[in-house]
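Worksheet: the structure to be examined is printed underneath.
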Amino acid sequence: MGGMSVRTQSSEQPADAVHRAGFACFVGRPNAGKSTLTNALVGQKVAITSNRPQTTRHTVRGIVHRPEAQLILVDTPGLHKPRTLLGERLNDVVRTTWAEVDAIGFCLPADQKIGPGDRFIAKELAGIKKTPKVAVVTKTDLVDSKALAEQLIAVDQLGKELGITWAEIVPVSATAGKQVELLADLLIPLMPEGPALYPEGDLTDEPEQVMVAELIREAALEGVRDELPHSIAVVVEEMLPREDRPADKPLLDIHANLYIERSSQKGIVIGPKGKRLKDVGIKSRKQIEALLGTPVFLDLHVKVAKDWQRDPKQLRRLGF
């Protein structure tokens with residue numbers, strides 16, 4: 001196997017007083033376990049404040065606070081084979097983001113052979129020389145040790161083949177909570193020295209709304225990306241606890257609007273007999289409930305905001 005090292009236990013950090021803070025992002029094809037991993041790393045202690053430092057243009061997904069470090073996990077738009085100019089431009093944004101963060105975690109599920117989608121992303125990663133890359137083999141709870149070993153070897157080979165030097169290869173199971181702390185331990189030394197970039201605080205309302213809007217938007221785009229790649233914006237109008245509910249059965253009312261550019265797109269989002277919109281509601285509600293830890297009543301409406309992508313005033317109102 002040569003010099004492949006797979007990390008399976010935590011090495012004690014020397015107790016020097018250096019504080020590190022920086023940005024990491026997880027990449028990987030859809031369903032590679034990126035968001036489950038993010039949630040497991042951040043745990044319930046998500047701290048995002050509204051006065052974001054202007055060090056990043058990207059959505060902050062969560063922050064890992066340690067006495068000696070702060071690891072900020074950011075979202076990058078997915079990389080795909082571009083078919084349009086907008087696609088090209090988005091891919092440029094992705095590449096820029098990857099070059100801007102301090103470390104990239106490339107997620108590959110343990111239970112699926114490395115496929116063309118993984119290879120496509122890996123080739124792009126190979127082109128970004130300076131940013132350290134950690135290969136994260138996810139969903140290890142779904143396979144036996146033999147299959148896991150084969151996948152780790154395959155990941156090692158993929159790196160050799162494309163000229164990527166993995167900073168680490170780490171097997172994790174976010175659902176079983178295995179090795180998640182270790183992954184943080186390995187990402188932190190890759191961060192630059194410096195003070196915390198975000199105050200340690202609790203989750204403020206404003207980013208909760210931003211995160212909720214993002215979950216709804218992701219659900220709305222799923223399956224219609226080709227027809228409406230980016231012309232959906234979501235605004236959460238209000239989030240209020242339902243009154244007159246017993247303490248042990250709370251309900252959060254969330255009213256949100258999906259904005260599209262043209263009325264011709266309304267049918268695509270709503271679907272025949274409203275089926276698509278209903279699916280979007282069900283899917284995003286589950287994710288919102290998981291994020292906020294409370295039952296949610298989600299009220300979605302589709303509205304037309306003419307050509308919002310070209311109107312700076314609209315863009316600002318829609319949070320871009």
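Chain lettering (A, B, ...) mirrors the order of the structure tokens, residue numbering begins at 1 for each chain separately, and ligand numbering begins at 1 in order of display.
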Report as JSON lines: every residue of stretch 131-175 of chain A with an atom at most 12 Å from stretch 27-42 of chain A, its closest pair of atoms, and their distance in Å to one decimal, counting only C-alpha atoms, with rows sorted by chain and ascending residue number.
```
{"residue": "A:Lys133", "atom": "CA", "partner": "A:Val27", "partner_atom": "CA", "distance": 10.2}
{"residue": "A:Val134", "atom": "CA", "partner": "A:Val27", "partner_atom": "CA", "distance": 10.3}
{"residue": "A:Ala135", "atom": "CA", "partner": "A:Val27", "partner_atom": "CA", "distance": 9.8}
{"residue": "A:Val136", "atom": "CA", "partner": "A:Gly28", "partner_atom": "CA", "distance": 9.6}
{"residue": "A:Val137", "atom": "CA", "partner": "A:Ala32", "partner_atom": "CA", "distance": 8.9}
{"residue": "A:Thr138", "atom": "CA", "partner": "A:Gly33", "partner_atom": "CA", "distance": 6.4}
{"residue": "A:Lys139", "atom": "CA", "partner": "A:Gly33", "partner_atom": "CA", "distance": 7.2}
{"residue": "A:Thr140", "atom": "CA", "partner": "A:Gly33", "partner_atom": "CA", "distance": 10.8}
{"residue": "A:Pro171", "atom": "CA", "partner": "A:Leu37", "partner_atom": "CA", "distance": 11.6}
{"residue": "A:Val172", "atom": "CA", "partner": "A:Leu37", "partner_atom": "CA", "distance": 8.6}
{"residue": "A:Ser173", "atom": "CA", "partner": "A:Leu37", "partner_atom": "CA", "distance": 8.0}
{"residue": "A:Ala174", "atom": "CA", "partner": "A:Leu37", "partner_atom": "CA", "distance": 5.1}
{"residue": "A:Thr175", "atom": "CA", "partner": "A:Thr36", "partner_atom": "CA", "distance": 7.3}
```
Do you know which residues are at most 12 Å from A:Leu252 counting only C-alpha atoms, after dropping those on the same chain fewer than 4 positions away, and could you put them as an MDAnalysis selection string?
chainID A and resid 238:245 285 288:289 292:299
If you run DSSP over the backbone, which residues in stretch 171-284 of chain A end up strand (DSSP E)? Put them as a list of chain:residue names.
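The strand (DSSP E) residues within stretch 171-284 of chain A come out as A:Pro171, A:Ile232, A:Ala233, A:Val234, A:Val235, A:Val236, A:Glu237, A:Glu238, A:Met239, A:Leu240, A:Pro241, A:Leu252, A:Asp253, A:Ile254, A:His255, A:Ala256, A:Asn257, A:Leu258, A:Tyr259, A:Ile260.
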Generate the output file for the selected residues, all heavy atoms, as a short mmCIF file (atom, residue, chain, number, x, y, z; two decimals), in the first residue's frame.
```cif
data_model
loop_
_atom_site.label_atom_id
_atom_site.label_comp_id
_atom_site.auth_asym_id
_atom_site.auth_seq_id
_atom_site.Cartn_x
_atom_site.Cartn_y
_atom_site.Cartn_z
N PRO A 171 -11.87 7.61 8.13
CA PRO A 171 -13.19 6.98 8.07
C PRO A 171 -14.08 7.52 9.21
O PRO A 171 -13.62 7.60 10.35
CB PRO A 171 -12.89 5.49 8.29
CG PRO A 171 -11.54 5.44 8.95
CD PRO A 171 -10.85 6.75 8.76
N ILE A 232 -34.71 30.80 -7.91
CA ILE A 232 -35.63 30.66 -6.78
C ILE A 232 -34.96 31.35 -5.60
O ILE A 232 -33.79 31.12 -5.33
CB ILE A 232 -35.88 29.18 -6.39
CG1 ILE A 232 -36.62 28.45 -7.50
CG2 ILE A 232 -36.69 29.10 -5.09
CD1 ILE A 232 -36.97 27.01 -7.15
N ALA A 233 -35.69 32.23 -4.95
CA ALA A 233 -35.19 32.82 -3.70
C ALA A 233 -36.25 32.54 -2.66
O ALA A 233 -37.44 32.47 -2.98
CB ALA A 233 -34.96 34.31 -3.86
N VAL A 234 -35.83 32.35 -1.42
CA VAL A 234 -36.80 32.06 -0.36
C VAL A 234 -36.65 33.09 0.74
O VAL A 234 -35.54 33.40 1.16
CB VAL A 234 -36.59 30.65 0.22
CG1 VAL A 234 -37.52 30.40 1.40
CG2 VAL A 234 -36.81 29.59 -0.85
N VAL A 235 -37.77 33.64 1.16
CA VAL A 235 -37.75 34.56 2.30
C VAL A 235 -38.67 34.01 3.38
O VAL A 235 -39.84 33.71 3.12
CB VAL A 235 -38.23 35.98 1.89
CG1 VAL A 235 -38.30 36.89 3.12
CG2 VAL A 235 -37.29 36.57 0.86
N VAL A 236 -38.11 33.83 4.58
CA VAL A 236 -38.93 33.39 5.71
C VAL A 236 -39.57 34.65 6.29
O VAL A 236 -38.87 35.52 6.82
CB VAL A 236 -38.08 32.67 6.77
CG1 VAL A 236 -38.90 32.37 8.02
CG2 VAL A 236 -37.53 31.38 6.18
N GLU A 237 -40.88 34.78 6.14
CA GLU A 237 -41.57 35.99 6.58
C GLU A 237 -41.70 36.02 8.10
O GLU A 237 -41.51 37.04 8.72
CB GLU A 237 -42.96 36.10 5.93
CG GLU A 237 -42.92 36.20 4.40
CD GLU A 237 -42.27 37.50 3.90
OE1 GLU A 237 -42.19 38.48 4.67
OE2 GLU A 237 -41.84 37.52 2.73
N GLU A 238 -42.07 34.87 8.69
CA GLU A 238 -42.10 34.85 10.15
C GLU A 238 -41.97 33.45 10.71
O GLU A 238 -42.32 32.47 10.06
CB GLU A 238 -43.36 35.53 10.69
CG GLU A 238 -44.65 34.92 10.22
CD GLU A 238 -45.86 35.58 10.91
OE1 GLU A 238 -45.75 36.74 11.35
OE2 GLU A 238 -46.90 34.92 11.01
N MET A 239 -41.42 33.38 11.90
CA MET A 239 -41.30 32.12 12.65
C MET A 239 -41.83 32.41 14.04
O MET A 239 -41.21 33.18 14.79
CB MET A 239 -39.82 31.70 12.75
CG MET A 239 -39.27 31.13 11.46
SD MET A 239 -37.47 30.83 11.46
CE MET A 239 -37.18 29.93 12.94
N LEU A 240 -42.98 31.85 14.39
CA LEU A 240 -43.59 32.14 15.69
C LEU A 240 -44.08 30.87 16.35
O LEU A 240 -44.69 30.03 15.69
CB LEU A 240 -44.81 33.06 15.50
CG LEU A 240 -44.56 34.49 15.00
CD1 LEU A 240 -45.87 35.15 14.64
CD2 LEU A 240 -43.83 35.28 16.07
N PRO A 241 -43.84 30.71 17.66
CA PRO A 241 -44.41 29.56 18.36
C PRO A 241 -45.94 29.68 18.36
O PRO A 241 -46.46 30.77 18.61
CB PRO A 241 -43.85 29.71 19.79
CG PRO A 241 -42.79 30.75 19.73
CD PRO A 241 -43.04 31.58 18.51
N LEU A 252 -44.03 25.23 16.00
CA LEU A 252 -43.50 26.48 15.48
C LEU A 252 -44.15 26.74 14.12
O LEU A 252 -44.08 25.89 13.23
CB LEU A 252 -41.98 26.37 15.33
CG LEU A 252 -41.22 27.62 14.94
CD1 LEU A 252 -41.30 28.68 16.02
CD2 LEU A 252 -39.75 27.28 14.66
N ASP A 253 -44.79 27.89 13.97
CA ASP A 253 -45.37 28.26 12.68
C ASP A 253 -44.32 29.00 11.85
O ASP A 253 -43.76 29.99 12.31
CB ASP A 253 -46.58 29.19 12.87
CG ASP A 253 -47.82 28.42 13.29
OD1 ASP A 253 -48.08 27.36 12.68
OD2 ASP A 253 -48.52 28.86 14.22
N ILE A 254 -44.06 28.49 10.64
CA ILE A 254 -43.11 29.18 9.75
C ILE A 254 -43.83 29.53 8.46
O ILE A 254 -44.39 28.66 7.79
CB ILE A 254 -41.89 28.28 9.44
CG1 ILE A 254 -41.14 27.94 10.73
CG2 ILE A 254 -40.95 28.98 8.46
CD1 ILE A 254 -39.91 27.07 10.52
N HIS A 255 -43.85 30.82 8.14
CA HIS A 255 -44.45 31.27 6.88
C HIS A 255 -43.33 31.71 5.96
O HIS A 255 -42.54 32.57 6.32
CB HIS A 255 -45.43 32.41 7.13
CG HIS A 255 -46.56 32.01 8.02
ND1 HIS A 255 -47.68 31.36 7.54
CD2 HIS A 255 -46.71 32.12 9.36
CE1 HIS A 255 -48.49 31.10 8.55
NE2 HIS A 255 -47.93 31.54 9.67
N ALA A 256 -43.27 31.11 4.78
CA ALA A 256 -42.18 31.44 3.86
C ALA A 256 -42.71 31.63 2.45
O ALA A 256 -43.67 30.98 2.04
CB ALA A 256 -41.13 30.33 3.88
N ASN A 257 -42.05 32.53 1.73
CA ASN A 257 -42.41 32.75 0.33
C ASN A 257 -41.26 32.29 -0.57
O ASN A 257 -40.10 32.58 -0.30
CB ASN A 257 -42.67 34.24 0.06
CG ASN A 257 -43.94 34.71 0.72
OD1 ASN A 257 -44.89 33.95 0.86
ND2 ASN A 257 -43.96 35.96 1.15
N LEU A 258 -41.63 31.56 -1.62
CA LEU A 258 -40.67 31.20 -2.66
C LEU A 258 -40.85 32.20 -3.79
O LEU A 258 -41.94 32.32 -4.33
CB LEU A 258 -40.97 29.80 -3.22
CG LEU A 258 -40.34 28.60 -2.52
CD1 LEU A 258 -41.07 28.33 -1.23
CD2 LEU A 258 -40.43 27.39 -3.42
N TYR A 259 -39.79 32.93 -4.11
CA TYR A 259 -39.89 33.90 -5.20
C TYR A 259 -39.27 33.33 -6.46
O TYR A 259 -38.15 32.82 -6.44
CB TYR A 259 -39.16 35.19 -4.82
CG TYR A 259 -39.91 35.98 -3.77
CD1 TYR A 259 -39.60 35.85 -2.43
CD2 TYR A 259 -40.94 36.85 -4.14
CE1 TYR A 259 -40.28 36.57 -1.45
CE2 TYR A 259 -41.64 37.57 -3.18
CZ TYR A 259 -41.31 37.42 -1.83
OH TYR A 259 -41.99 38.12 -0.89
N ILE A 260 -40.01 33.45 -7.56
CA ILE A 260 -39.46 33.07 -8.86
C ILE A 260 -39.51 34.29 -9.75
O ILE A 260 -40.13 35.29 -9.41
CB ILE A 260 -40.27 31.90 -9.49
CG1 ILE A 260 -41.75 32.23 -9.41
CG2 ILE A 260 -39.97 30.60 -8.78
CD1 ILE A 260 -42.65 31.17 -9.98
#
```
Which residues are close to A:Ser145, i.e. within 12 Å by only C-alpha atoms, leaving aside same-chain residues fewer than 6 positions away? Reply as a PyMOL selection string.
chain A and resi 110-111+151-152+171
Now that the selection is made, can you save its residues with C-alpha atoms as a short mmCIF file (atom, residue, chain, number, x, y, z; two decimals), in the first residue's frame?
```
data_model
loop_
_atom_site.label_atom_id
_atom_site.label_comp_id
_atom_site.auth_asym_id
_atom_site.auth_seq_id
_atom_site.Cartn_x
_atom_site.Cartn_y
_atom_site.Cartn_z
CA ALA A 110 -18.11 3.91 2.31
CA ASP A 111 -21.02 1.94 0.88
CA GLN A 151 -12.71 1.78 0.06
CA LEU A 152 -9.83 3.38 1.97
CA PRO A 171 -13.19 6.98 8.07
#
```
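Between A:Thr97 and the residues A:Lys113, A:Lys123, A:Lys306, A:Phe26, the shortest atom-to-atom distance, using only C-alpha atoms, involves A:Phe26.
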Pick from A:Cys25, A:Leu291, A:Ala184, A:Ile169: nearest to A:Gln209, with only C-alpha atoms counted?
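The shortest atom-to-atom distance to A:Gln209 comes from A:Leu291.
For the pair atom CA of A:Leu125 and atom CA of A:Gly163, the separation is 9.9 Å.
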Show me, as JSON, numbers by chain, the residues that have an atom within 9 Å of A:Ile72 when counting only C-alpha atoms, minus same-chain residues fewer than 2 positions from it.
{"A": [21, 22, 23, 24, 25, 60, 61, 62, 63, 64, 65, 70, 74, 197, 198]}
Go ahead and save the residues from that selection, with N, CA and C atoms, as a JSON list (two decimals), in the first residue's frame.
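Final output, again.json:
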```
[["chain", "number", "residue", "atom", "x", "y", "z"],
["A", 21, "ALA", "N", -7.94, 29.66, 13.86],
["A", 21, "ALA", "CA", -9.31, 29.87, 13.41],
["A", 21, "ALA", "C", -9.30, 29.90, 11.89],
["A", 22, "GLY", "N", -10.24, 29.20, 11.30],
["A", 22, "GLY", "CA", -10.27, 29.22, 9.84],
["A", 22, "GLY", "C", -11.51, 28.54, 9.29],
["A", 23, "PHE", "N", -11.53, 28.42, 7.97],
["A", 23, "PHE", "CA", -12.70, 27.93, 7.25],
["A", 23, "PHE", "C", -12.44, 26.58, 6.60],
["A", 24, "ALA", "N", -13.43, 25.71, 6.68],
["A", 24, "ALA", "CA", -13.33, 24.43, 5.97],
["A", 24, "ALA", "C", -14.64, 24.20, 5.24],
["A", 25, "CYS", "N", -14.58, 23.47, 4.15],
["A", 25, "CYS", "CA", -15.84, 23.10, 3.50],
["A", 25, "CYS", "C", -15.79, 21.62, 3.15],
["A", 60, "VAL", "N", -22.47, 30.25, 6.15],
["A", 60, "VAL", "CA", -21.86, 29.51, 7.26],
["A", 60, "VAL", "C", -22.84, 28.44, 7.70],
["A", 61, "ARG", "N", -22.40, 27.19, 7.69],
["A", 61, "ARG", "CA", -23.27, 26.08, 8.07],
["A", 61, "ARG", "C", -23.21, 25.81, 9.56],
["A", 62, "GLY", "N", -22.06, 26.10, 10.15],
["A", 62, "GLY", "CA", -21.92, 25.82, 11.57],
["A", 62, "GLY", "C", -20.50, 26.10, 12.01],
["A", 63, "ILE", "N", -20.32, 26.17, 13.32],
["A", 63, "ILE", "CA", -19.01, 26.49, 13.86],
["A", 63, "ILE", "C", -18.65, 25.51, 14.97],
["A", 64, "VAL", "N", -17.44, 24.98, 14.89],
["A", 64, "VAL", "CA", -16.95, 24.11, 15.96],
["A", 64, "VAL", "C", -16.09, 24.97, 16.87],
["A", 65, "HIS", "N", -16.52, 25.13, 18.13],
["A", 65, "HIS", "CA", -15.76, 25.94, 19.09],
["A", 65, "HIS", "C", -14.91, 25.03, 19.94],
["A", 70, "GLN", "N", -11.18, 27.64, 16.45],
["A", 70, "GLN", "CA", -12.53, 27.80, 15.93],
["A", 70, "GLN", "C", -12.52, 27.35, 14.48],
["A", 74, "VAL", "N", -18.21, 26.15, 6.02],
["A", 74, "VAL", "CA", -18.99, 26.93, 5.06],
["A", 74, "VAL", "C", -19.50, 26.03, 3.95],
["A", 197, "LEU", "N", -13.00, 34.14, 15.00],
["A", 197, "LEU", "CA", -13.58, 35.07, 14.03],
["A", 197, "LEU", "C", -15.04, 35.37, 14.35],
["A", 198, "TYR", "N", -15.65, 34.50, 15.14],
["A", 198, "TYR", "CA", -17.04, 34.71, 15.54],
["A", 198, "TYR", "C", -17.10, 34.62, 17.06]]
```
To one decimal in Å, tell me the separation between atom CA of A:Ala290 and atom CA of A:Arg217.
16.3 Å
Could you give me, as a list in words, the residues within 10 Å of A:Ser231, counting only C-alpha atoms and dropping anything in the same chain fewer than 4 positions from it?
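Non-adjacent residues within range: Leu221, Arg225, Glu227, Leu258, Tyr259, Ile260, Glu261, Arg262, Gln265, Ala305, Asp307, Trp308 and Gln309 of chain A.
In this comparison, which uses only C-alpha atoms, the residue of A:Lys178, A:Ile153, A:Trp166, A:Glu124 approaching A:Val94 most closely is A:Glu124.
The protein and nucleic acid residues lying at most 10 Å from stretch 128-132 of chain A are A:Ala24, A:Arg95, A:Thr96, A:Trp98, A:Ala99, A:Glu100, A:Val101, A:Asp102, A:Ala103, A:Ile104, A:Gly105, A:Lys123, A:Glu124, A:Gly163, A:Ile164, A:Thr165, A:Trp166, A:Ala167, A:Glu168, A:Leu187, A:Leu190, A:Met191, with only C-alpha atoms considered and sequence neighbours fewer than 4 positions away removed.
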Let me make sure I understand: among A:Asp279, A:Ala154, A:Glu68, A:Asp141, which one has the smallest atom-to-atom distance to A:Gln179 if we use only C-alpha atoms?
A:Asp141
All alpha helix (DSSP H) positions in stretch 197-281 of chain A, as a list in words
Asp205, Glu206, Pro207, Glu208, Gln209, Val210, Met211, Val212, Ala213, Glu214, Leu215, Ile216, Arg217, Glu218, Ala219, Ala220, Leu221, Lys266, Gly267, Ile268, Val269, Ile270, Lys275, Arg276, Leu277, Lys278, Asp279, Val280 and Gly281 of chain A
Can you write out the residues you just picked, keeping C-alpha atoms, as a PDB file, in the first residue's frame?
```pdb
ATOM      1  CA  ASP A 205     -32.939  34.182  15.243  1.00  0.00           C
ATOM      2  CA  GLU A 206     -31.719  35.821  12.125  1.00  0.00           C
ATOM      3  CA  PRO A 207     -29.387  33.033  10.964  1.00  0.00           C
ATOM      4  CA  GLU A 208     -31.975  30.453  11.977  1.00  0.00           C
ATOM      5  CA  GLN A 209     -34.255  32.114   9.464  1.00  0.00           C
ATOM      6  CA  VAL A 210     -31.457  32.179   6.923  1.00  0.00           C
ATOM      7  CA  MET A 211     -30.786  28.467   7.459  1.00  0.00           C
ATOM      8  CA  VAL A 212     -34.486  27.619   7.249  1.00  0.00           C
ATOM      9  CA  ALA A 213     -34.784  29.590   3.993  1.00  0.00           C
ATOM     10  CA  GLU A 214     -31.760  27.733   2.632  1.00  0.00           C
ATOM     11  CA  LEU A 215     -33.265  24.322   3.455  1.00  0.00           C
ATOM     12  CA  ILE A 216     -36.523  25.260   1.717  1.00  0.00           C
ATOM     13  CA  ARG A 217     -34.623  26.555  -1.290  1.00  0.00           C
ATOM     14  CA  GLU A 218     -32.564  23.351  -1.564  1.00  0.00           C
ATOM     15  CA  ALA A 219     -35.720  21.226  -1.403  1.00  0.00           C
ATOM     16  CA  ALA A 220     -37.419  23.427  -4.011  1.00  0.00           C
ATOM     17  CA  LEU A 221     -34.503  23.159  -6.421  1.00  0.00           C
ATOM     18  CA  LYS A 266     -44.912  28.929 -11.238  1.00  0.00           C
ATOM     19  CA  GLY A 267     -46.259  25.677 -12.671  1.00  0.00           C
ATOM     20  CA  ILE A 268     -42.837  24.051 -12.487  1.00  0.00           C
ATOM     21  CA  VAL A 269     -42.439  24.831  -8.790  1.00  0.00           C
ATOM     22  CA  ILE A 270     -46.003  24.016  -7.806  1.00  0.00           C
ATOM     23  CA  LYS A 275     -47.834  17.948  -5.776  1.00  0.00           C
ATOM     24  CA  ARG A 276     -44.275  19.328  -6.142  1.00  0.00           C
ATOM     25  CA  LEU A 277     -44.823  22.162  -3.715  1.00  0.00           C
ATOM     26  CA  LYS A 278     -46.322  19.716  -1.243  1.00  0.00           C
ATOM     27  CA  ASP A 279     -43.247  17.458  -1.566  1.00  0.00           C
ATOM     28  CA  VAL A 280     -40.972  20.466  -1.060  1.00  0.00           C
ATOM     29  CA  GLY A 281     -42.934  21.305   2.085  1.00  0.00           C
TER      30      GLY A 281
END
```
In Å to one decimal, how far is atom CA of A:Pro189 from atom CA of A:His19?
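So the two atoms, atom CA of A:His19 and atom CA of A:Pro189, lie 9.9 Å apart.
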